[in-house]
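Here is the file entry29.txt (compact mmCIF, C-alpha atoms).
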```
# COMPACT_ATOMS: atom_id res chain seq x y z
CA MET A 1 -95.56 -59.20 -67.45
CA GLY A 2 -92.42 -57.16 -67.18
CA PHE A 3 -91.25 -58.57 -70.49
CA ASP A 4 -94.50 -57.48 -72.11
CA LYS A 5 -94.02 -53.89 -70.91
CA ASN A 6 -90.48 -53.82 -72.20
CA SER A 7 -91.63 -55.22 -75.51
CA ARG A 8 -94.27 -52.52 -75.91
CA MET A 9 -91.71 -49.86 -74.99
CA TRP A 10 -89.28 -51.02 -77.67
CA ASP A 11 -92.11 -51.28 -80.21
CA GLY A 12 -93.03 -47.68 -79.41
CA LEU A 13 -89.44 -46.57 -79.75
CA TYR A 14 -89.27 -48.24 -83.15
CA ASN A 15 -92.58 -46.85 -84.42
CA TYR A 16 -92.37 -43.31 -82.94
CA PRO A 17 -88.68 -42.36 -82.88
CA HIS A 18 -89.36 -38.58 -83.08
CA LEU A 19 -91.69 -38.69 -80.06
CA PHE A 20 -89.15 -40.57 -77.96
CA GLY A 21 -86.37 -38.30 -79.21
CA GLY A 22 -88.32 -35.25 -78.03
CA ILE A 23 -88.97 -36.85 -74.64
CA MET A 24 -85.29 -37.70 -74.23
CA LEU A 25 -84.17 -34.16 -75.20
CA THR A 26 -86.64 -32.62 -72.74
CA ALA A 27 -85.49 -34.96 -70.00
CA ALA A 28 -81.86 -34.14 -70.71
CA LEU A 29 -82.47 -30.37 -70.51
CA LEU A 30 -84.46 -30.75 -67.28
CA GLY A 31 -81.71 -32.94 -65.88
CA LEU A 32 -79.09 -30.31 -66.69
CA SER A 33 -81.13 -27.63 -64.96
CA THR A 34 -81.64 -29.60 -61.71
CA SER A 35 -78.50 -31.71 -61.30
CA TYR A 36 -74.82 -31.01 -60.87
CA PHE A 37 -75.06 -28.62 -63.83
CA GLY A 38 -77.86 -26.66 -62.20
CA GLY A 39 -75.79 -23.52 -62.47
CA ILE A 40 -76.11 -23.62 -66.26
CA SER A 41 -79.07 -21.48 -67.28
CA ILE A 42 -80.94 -21.48 -70.58
CA HIS A 43 -79.05 -18.26 -71.37
CA SER A 44 -75.75 -20.13 -71.01
CA LEU A 45 -77.01 -23.17 -72.90
CA SER A 46 -77.78 -20.95 -75.88
CA TYR A 47 -74.06 -20.67 -76.56
CA PHE A 48 -73.79 -24.46 -76.75
CA PHE A 49 -77.02 -24.90 -78.70
CA PRO A 50 -77.21 -21.98 -81.16
CA TYR A 51 -80.77 -22.69 -82.20
CA LEU A 52 -81.98 -22.08 -78.65
CA ARG A 53 -80.90 -18.46 -79.02
CA ILE A 54 -83.74 -17.92 -81.47
CA PHE A 55 -86.30 -18.88 -78.83
CA GLN A 56 -84.49 -16.89 -76.16
CA LYS A 57 -84.34 -13.71 -78.25
CA ASN A 58 -87.89 -13.82 -79.58
CA LYS A 59 -89.69 -15.23 -76.56
CA SER A 60 -91.27 -11.83 -75.89
CA GLY A 61 -92.68 -11.76 -79.42
CA LYS A 62 -91.44 -8.21 -79.94
CA LYS A 63 -89.93 -7.00 -83.21
CA PRO A 64 -86.13 -6.64 -82.91
CA ILE A 65 -84.88 -3.05 -83.06
CA ARG A 66 -82.69 -2.62 -86.13
CA VAL A 67 -80.17 0.22 -86.06
CA PHE A 68 -78.03 1.53 -88.90
CA ILE A 69 -74.65 3.21 -88.92
CA ASP A 70 -72.61 4.17 -91.96
CA GLY A 71 -69.02 5.10 -92.64
CA CYS A 72 -65.98 4.83 -94.89
CA PHE A 73 -64.19 2.44 -92.48
CA ASP A 74 -60.91 3.06 -94.31
CA LEU A 75 -57.84 1.75 -92.45
CA MET A 76 -60.15 0.42 -89.76
CA HIS A 77 -59.03 1.28 -86.22
CA TYR A 78 -60.29 1.02 -82.64
CA GLY A 79 -62.36 4.18 -83.08
CA HIS A 80 -64.42 2.41 -85.75
CA ALA A 81 -64.77 -0.65 -83.54
CA ASN A 82 -65.91 1.46 -80.60
CA ALA A 83 -68.53 3.19 -82.77
CA LEU A 84 -69.94 -0.15 -83.90
CA ARG A 85 -69.96 -1.44 -80.32
CA GLN A 86 -71.91 1.60 -79.11
CA ALA A 87 -74.32 1.42 -82.05
CA LYS A 88 -75.11 -2.24 -81.39
CA ALA A 89 -75.94 -1.39 -77.78
CA LEU A 90 -78.76 0.88 -79.01
CA GLY A 91 -80.63 -1.95 -80.73
CA ASP A 92 -80.91 -5.68 -81.28
CA GLU A 93 -79.55 -5.91 -84.82
CA LEU A 94 -76.81 -3.70 -86.26
CA VAL A 95 -76.80 -2.96 -90.00
CA VAL A 96 -73.64 -1.23 -91.26
CA GLY A 97 -73.45 0.78 -94.48
CA VAL A 98 -70.06 0.95 -96.22
CA ILE A 99 -69.69 4.04 -98.41
CA SER A 100 -68.60 3.41 -102.00
CA ASP A 101 -65.14 4.27 -103.35
CA GLU A 102 -66.64 6.81 -105.74
CA GLU A 103 -68.48 8.67 -102.98
CA ILE A 104 -65.38 8.79 -100.77
CA LEU A 105 -63.33 10.11 -103.67
CA THR A 106 -65.89 12.87 -104.26
CA TYR A 107 -66.25 14.01 -100.66
CA LYS A 108 -62.95 13.13 -98.93
CA GLY A 109 -60.34 12.01 -101.45
CA PRO A 110 -59.20 8.55 -102.58
CA PRO A 111 -59.54 5.76 -100.00
CA VAL A 112 -56.53 3.64 -99.09
CA LEU A 113 -58.49 0.38 -99.06
CA SER A 114 -60.99 -0.67 -101.71
CA MET A 115 -64.64 -1.18 -100.85
CA GLU A 116 -64.20 -4.97 -101.04
CA GLU A 117 -61.40 -4.81 -98.47
CA ARG A 118 -63.40 -2.52 -96.22
CA LEU A 119 -66.43 -4.82 -96.47
CA VAL A 120 -64.35 -7.78 -95.27
CA LEU A 121 -63.05 -5.81 -92.29
CA VAL A 122 -66.48 -4.57 -91.23
CA SER A 123 -68.19 -7.95 -91.70
CA GLY A 124 -65.63 -9.62 -89.44
CA LEU A 125 -66.53 -7.61 -86.33
CA LYS A 126 -68.70 -9.37 -83.76
CA TRP A 127 -71.19 -6.50 -83.33
CA VAL A 128 -72.16 -6.45 -87.02
CA ASP A 129 -75.25 -8.42 -88.11
CA GLU A 130 -75.62 -7.17 -91.67
CA VAL A 131 -73.66 -5.05 -94.17
CA ILE A 132 -74.91 -2.86 -97.04
CA ASP A 133 -72.25 -2.05 -99.61
CA GLY A 134 -71.85 0.93 -101.91
CA ILE A 135 -74.05 3.37 -100.05
CA PRO A 136 -74.05 7.16 -100.70
CA TYR A 137 -72.11 9.57 -98.50
CA ALA A 138 -75.17 11.73 -97.82
CA ILE A 139 -78.35 10.38 -96.22
CA THR A 140 -80.77 11.56 -98.90
CA GLU A 141 -84.53 11.24 -98.52
CA GLU A 142 -84.58 8.48 -101.13
CA PHE A 143 -81.86 6.47 -99.39
CA MET A 144 -83.43 7.06 -95.96
CA ASN A 145 -86.75 5.68 -97.21
CA ARG A 146 -84.88 2.66 -98.55
CA LEU A 147 -83.40 2.08 -95.13
CA PHE A 148 -86.77 2.35 -93.41
CA ASN A 149 -88.77 0.30 -95.91
CA GLU A 150 -86.43 -2.23 -97.54
CA HIS A 151 -84.01 -2.79 -94.67
CA ARG A 152 -86.54 -2.24 -91.84
CA ILE A 153 -84.24 0.20 -90.03
CA ASP A 154 -85.67 1.79 -86.88
CA TYR A 155 -82.91 4.29 -86.09
CA ILE A 156 -79.94 5.85 -87.88
CA ILE A 157 -76.85 6.23 -85.70
CA HIS A 158 -73.92 8.64 -85.89
CA GLY A 159 -71.23 10.03 -83.62
CA ASP A 160 -71.48 13.34 -81.80
CA ASP A 161 -68.94 14.91 -84.17
CA PRO A 162 -70.59 17.18 -86.77
CA CYS A 163 -70.90 15.82 -90.30
CA PHE A 164 -71.55 18.46 -92.95
CA LEU A 165 -72.04 18.19 -96.69
CA PRO A 166 -70.20 20.54 -99.12
CA ASP A 167 -73.20 22.89 -99.10
CA GLY A 168 -72.90 23.24 -95.33
CA THR A 169 -76.00 21.23 -94.42
CA ASP A 170 -76.10 18.51 -91.77
CA ALA A 171 -75.70 15.08 -93.41
CA TYR A 172 -78.17 13.59 -90.91
CA ALA A 173 -80.73 16.40 -90.88
CA LEU A 174 -83.46 14.28 -92.51
CA ALA A 175 -83.05 11.43 -90.02
CA LYS A 176 -83.20 13.90 -87.13
CA LYS A 177 -86.32 15.54 -88.57
CA ALA A 178 -87.99 12.12 -88.90
CA GLY A 179 -87.26 11.37 -85.24
CA ARG A 180 -85.27 8.29 -86.20
CA TYR A 181 -81.79 9.47 -85.20
CA LYS A 182 -79.64 8.39 -82.24
CA GLN A 183 -76.18 9.61 -81.29
CA ILE A 184 -73.10 7.91 -79.90
CA LYS A 185 -69.85 9.24 -78.46
CA ARG A 186 -66.99 9.71 -80.90
CA THR A 187 -63.67 8.15 -79.91
CA GLU A 188 -61.19 11.01 -79.57
CA GLY A 189 -57.57 10.91 -80.67
CA VAL A 190 -57.83 8.55 -83.63
CA SER A 191 -58.96 8.83 -87.23
CA SER A 192 -58.08 7.36 -90.61
CA THR A 193 -56.90 10.82 -91.72
CA ASP A 194 -54.45 10.97 -88.78
CA ILE A 195 -53.17 7.48 -89.55
CA VAL A 196 -52.57 8.40 -93.20
CA GLY A 197 -50.79 11.60 -92.05
CA THR A 198 -48.56 9.63 -89.68
CA ILE A 199 -47.67 7.11 -92.40
CA PHE A 200 -46.85 9.98 -94.78
CA ILE A 201 -44.58 11.70 -92.24
CA TYR A 202 -42.74 8.45 -91.46
CA SER A 203 -42.35 7.76 -95.18
CA ILE A 204 -40.80 11.20 -95.74
CA GLN A 205 -38.46 10.73 -92.77
CA ILE A 206 -37.30 7.34 -94.06
CA LEU A 207 -36.84 8.75 -97.57
CA LEU A 208 -34.76 11.69 -96.28
CA SER A 209 -32.66 9.40 -94.11
CA ARG A 210 -31.91 7.03 -96.98
CA THR A 211 -31.20 9.93 -99.36
CA LYS A 212 -28.73 11.42 -96.85
CA ALA A 213 -26.99 8.07 -96.41
CA TYR A 214 -26.77 7.61 -100.19
CA LEU A 215 -25.27 11.10 -100.68
CA LEU A 216 -22.66 10.45 -97.96
CA ILE A 217 -21.69 7.24 -99.74
CA LEU A 218 -21.32 9.10 -103.04
CA LEU A 219 -19.18 11.77 -101.38
CA GLY A 220 -17.04 9.10 -99.73
CA VAL A 221 -17.80 10.40 -96.28
CA ALA A 222 -19.58 7.33 -94.94
```
Please render this file's structure as structure tokens.
Amino acid sequence: MGFDKNSRMWDGLYNYPHLFGGIMLTAALLGLSTSYFGGISIHSLSYFFPYLRIFQKNKSGKKPIRVFIDGCFDLMHYGHANALRQAKALGDELVVGVISDEEILTYKGPPVLSMEERLVLVSGLKWVDEVIDGIPYAITEEFMNRLFNEHRIDYIIHGDDPCFLPDGTDAYALAKKAGRYKQIKRTEGVSSTDIVGTIFIYSIQILLSRTKAYLLILLGVA
């Protein structure tokens, strides 16, 4: 009799492998949650089984909040990273817009890094879920509607430092008027402009030092 049961079990395993596979996976997960590994929660397991994170994140059935932040991100520094970290905390998915080389040249001067280089840097940060390249410097009504409709953006994020266009208007006035604007804290004491200035000063100092040494050699003093 026992042999007959075992035979039917193996026949079932052969004929319905997916059913038995599902049963075994369920049993394994239940075993992990109640045995020696009882301290491992489904939240922790999601890091070992990436696909479980989908179920964990969407179990409430709510639409994820998508937030958008833009910038030049030239000579990326910890201030940029801190801005992206704060922006991600205001939503579920962070979309980052990287301003085009042409727009930076028009509004701020030539960038040090190309847009392709800046895209690589931004995409590599852990808080970033999606990147939009070649965006305009100003949040126009047309571009804002693109963000809301095509990219399903819920809120536009910017730091608490003022950002004005050449005509003196607030670059984020339209987003604020639409009620889709959120603000983060700017990281003080660091900026790409300051970094470029520091590099320039050091370059001048090195050039002067080498020129002085060269003149001393020519004069036979050194």
- prompt: Separation of CA of Met76 (chain A) and CA of Val98 (chain A), in Å?
  reply: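 Straight-line distance from CA of Met76 (chain A) to CA of Val98 (chain A) works out to 11.8 Å.
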Nearby residues (all atoms listed in the file) at most 10 Å from Ser192 (chain A), same-chain spacing under 3 positions excluded, as a list in words: Cys72, Phe73, Asp74, Leu75, Met76, His77, Gly79, His80, Pro111, Val112, Ile195, Val196, Gly197 and Thr198 of chain A
task: Point out the residue among A:Arg66, A:Gly61, A:Glu188, A:Thr211 with the least atom-to-atom distance to Asn149 (chain A), counting all atoms listed in the file.
output: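 Closest candidate: A:Arg66.
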query: Distance CA of Ile153 (chain A)-CA of Lys62 (chain A), one decimal place?
result: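 Between CA of Ile153 (chain A) and CA of Lys62 (chain A) the gap works out to 15.0 Å.
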query: Within 12 Å of Asn145 (chain A), counting only C-alpha atoms, which residues qualify if same-chain residues fewer than 5 places away don't, as JSON, numbers by chain?
result: {"A": [139, 140, 150, 151, 152, 153, 154, 155, 156, 174, 175, 178, 180]}
Point-to-point distance from CA of Tyr181 (chain A) to CA of Met144 (chain A), Å rounded to tenths: 11.1 Å
- request: Give as a list in words the set of residues within 8 Å of the point (-74.7, 8.0, -87.2), where distances use the file's coordinates and all atoms listed in the file.
  value: Phe68, Ile69, Asp70, Ile156, Ile157, His158, Gly159, Tyr172, Tyr181, Lys182, Gln183 and Ile184 of chain A
Leu94 (chain A) environment, 10 Å, only C-alpha atoms, sequence neighbours closer than 2 positions dropped, as a ChimeraX atom specification: /A:65-69,84-85,87-92,96-97,127-131,153,157
task: Rank A:Arg210, A:Tyr107, A:Pro64, A:Gly220 by their smallest atom-to-atom distance to Phe164 (chain A), using all atoms listed in the file, and report the top residue only.
output: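 Closest residue, counting all atoms listed in the file: A:Tyr107.
Nearest residue to Lys108 (chain A), choosing from A:Lys63, A:Ala173, A:Gly71, A:Ala83 and counting all atoms listed in the file: A:Gly71.
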Just so I have it separately, write region 145-160 of chain A from the block I sent, keeping all heavy atoms, as a compact mmCIF listing (two decimals), in the first residue's frame.
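And here is the file that came out, result.txt:
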```
# COMPACT_ATOMS: atom_id res chain seq x y z
N ASN A 145 3.84 70.15 -18.77
CA ASN A 145 2.77 69.25 -19.18
C ASN A 145 3.32 67.92 -19.67
O ASN A 145 2.70 66.86 -19.46
CB ASN A 145 1.92 69.91 -20.27
CG ASN A 145 1.07 71.05 -19.73
OD1 ASN A 145 0.70 71.05 -18.56
ND2 ASN A 145 0.78 72.04 -20.58
N ARG A 146 4.48 67.96 -20.31
CA ARG A 146 5.14 66.72 -20.72
C ARG A 146 5.50 65.87 -19.51
O ARG A 146 5.31 64.65 -19.50
CB ARG A 146 6.41 67.03 -21.51
CG ARG A 146 6.23 67.18 -23.00
CD ARG A 146 7.59 67.39 -23.67
NE ARG A 146 8.52 66.32 -23.35
CZ ARG A 146 9.86 66.42 -23.47
NH1 ARG A 146 10.40 67.57 -23.86
NH2 ARG A 146 10.62 65.40 -23.18
N LEU A 147 6.01 66.52 -18.49
CA LEU A 147 6.36 65.80 -17.27
C LEU A 147 5.14 65.15 -16.65
O LEU A 147 5.17 63.98 -16.24
CB LEU A 147 7.01 66.76 -16.25
CG LEU A 147 8.41 67.29 -16.58
CD1 LEU A 147 8.86 68.29 -15.53
CD2 LEU A 147 9.41 66.15 -16.69
N PHE A 148 4.04 65.91 -16.56
CA PHE A 148 2.84 65.41 -15.91
C PHE A 148 2.16 64.32 -16.73
O PHE A 148 1.66 63.33 -16.16
CB PHE A 148 1.85 66.55 -15.66
CG PHE A 148 2.34 67.58 -14.67
CD1 PHE A 148 1.82 68.86 -14.68
CD2 PHE A 148 3.31 67.26 -13.75
CE1 PHE A 148 2.26 69.81 -13.76
CE2 PHE A 148 3.77 68.20 -12.83
CZ PHE A 148 3.24 69.49 -12.84
N ASN A 149 2.13 64.46 -18.04
CA ASN A 149 1.37 63.54 -18.88
C ASN A 149 2.20 62.37 -19.41
O ASN A 149 1.80 61.21 -19.27
CB ASN A 149 0.75 64.30 -20.06
CG ASN A 149 -0.22 65.39 -19.61
OD1 ASN A 149 -0.94 65.21 -18.63
ND2 ASN A 149 -0.23 66.52 -20.32
N GLU A 150 3.36 62.65 -20.00
CA GLU A 150 4.18 61.59 -20.59
C GLU A 150 4.96 60.81 -19.53
O GLU A 150 5.06 59.58 -19.61
CB GLU A 150 5.14 62.17 -21.61
CG GLU A 150 4.47 62.76 -22.85
CD GLU A 150 5.50 63.32 -23.82
OE1 GLU A 150 6.66 62.86 -23.81
OE2 GLU A 150 5.14 64.23 -24.61
N HIS A 151 5.52 61.53 -18.57
CA HIS A 151 6.37 60.88 -17.57
C HIS A 151 5.66 60.62 -16.24
O HIS A 151 6.27 60.13 -15.30
CB HIS A 151 7.62 61.73 -17.34
CG HIS A 151 8.46 61.92 -18.57
ND1 HIS A 151 9.29 60.93 -19.06
CD2 HIS A 151 8.57 62.97 -19.43
CE1 HIS A 151 9.90 61.38 -20.15
NE2 HIS A 151 9.48 62.60 -20.39
N ARG A 152 4.38 60.97 -16.16
CA ARG A 152 3.54 60.68 -14.99
C ARG A 152 4.15 61.23 -13.69
O ARG A 152 4.14 60.57 -12.65
CB ARG A 152 3.29 59.18 -14.86
CG ARG A 152 2.77 58.54 -16.13
CD ARG A 152 2.43 57.07 -15.96
NE ARG A 152 3.46 56.30 -15.29
CZ ARG A 152 4.57 55.86 -15.85
NH1 ARG A 152 4.81 56.12 -17.13
NH2 ARG A 152 5.45 55.16 -15.17
N ILE A 153 4.69 62.44 -13.77
CA ILE A 153 5.30 63.08 -12.61
C ILE A 153 4.21 63.68 -11.71
O ILE A 153 3.29 64.33 -12.18
CB ILE A 153 6.28 64.19 -13.04
CG1 ILE A 153 7.41 63.59 -13.89
CG2 ILE A 153 6.83 64.94 -11.84
CD1 ILE A 153 8.25 62.54 -13.18
N ASP A 154 4.35 63.44 -10.41
CA ASP A 154 3.39 63.99 -9.45
C ASP A 154 3.86 65.32 -8.87
O ASP A 154 3.06 66.22 -8.66
CB ASP A 154 3.17 62.98 -8.31
CG ASP A 154 2.50 61.70 -8.81
OD1 ASP A 154 1.33 61.78 -9.23
OD2 ASP A 154 3.15 60.65 -8.79
N TYR A 155 5.17 65.41 -8.60
CA TYR A 155 5.71 66.64 -8.01
C TYR A 155 7.06 66.98 -8.62
O TYR A 155 7.86 66.10 -8.93
CB TYR A 155 5.87 66.50 -6.49
CG TYR A 155 4.58 66.29 -5.76
CD1 TYR A 155 4.18 65.02 -5.35
CD2 TYR A 155 3.74 67.37 -5.48
CE1 TYR A 155 2.99 64.82 -4.68
CE2 TYR A 155 2.53 67.18 -4.81
CZ TYR A 155 2.18 65.91 -4.41
OH TYR A 155 0.99 65.71 -3.76
N ILE A 156 7.30 68.29 -8.77
CA ILE A 156 8.60 68.80 -9.22
C ILE A 156 9.34 69.32 -8.00
O ILE A 156 8.80 70.07 -7.19
CB ILE A 156 8.39 69.92 -10.26
CG1 ILE A 156 7.75 69.35 -11.53
CG2 ILE A 156 9.72 70.60 -10.60
CD1 ILE A 156 7.38 70.40 -12.56
N ILE A 157 10.60 68.90 -7.87
CA ILE A 157 11.39 69.20 -6.68
C ILE A 157 12.51 70.18 -7.01
O ILE A 157 13.11 70.11 -8.09
CB ILE A 157 12.03 67.91 -6.09
CG1 ILE A 157 11.00 66.77 -6.03
CG2 ILE A 157 12.66 68.18 -4.74
CD1 ILE A 157 9.88 67.00 -5.06
N HIS A 158 12.80 71.07 -6.06
CA HIS A 158 13.98 71.95 -6.20
C HIS A 158 14.44 72.37 -4.82
O HIS A 158 13.69 72.27 -3.84
CB HIS A 158 13.66 73.19 -7.04
CG HIS A 158 14.88 73.98 -7.39
ND1 HIS A 158 15.23 75.14 -6.73
CD2 HIS A 158 15.84 73.77 -8.33
CE1 HIS A 158 16.36 75.60 -7.25
NE2 HIS A 158 16.75 74.79 -8.22
N GLY A 159 15.68 72.83 -4.74
CA GLY A 159 16.23 73.28 -3.47
C GLY A 159 15.64 74.61 -3.02
O GLY A 159 14.93 75.28 -3.78
N ASP A 160 15.93 74.98 -1.78
CA ASP A 160 15.37 76.22 -1.24
C ASP A 160 16.14 77.47 -1.68
O ASP A 160 15.81 78.59 -1.28
CB ASP A 160 15.32 76.16 0.29
CG ASP A 160 16.67 75.86 0.93
OD1 ASP A 160 17.68 75.84 0.20
OD2 ASP A 160 16.71 75.65 2.15
```
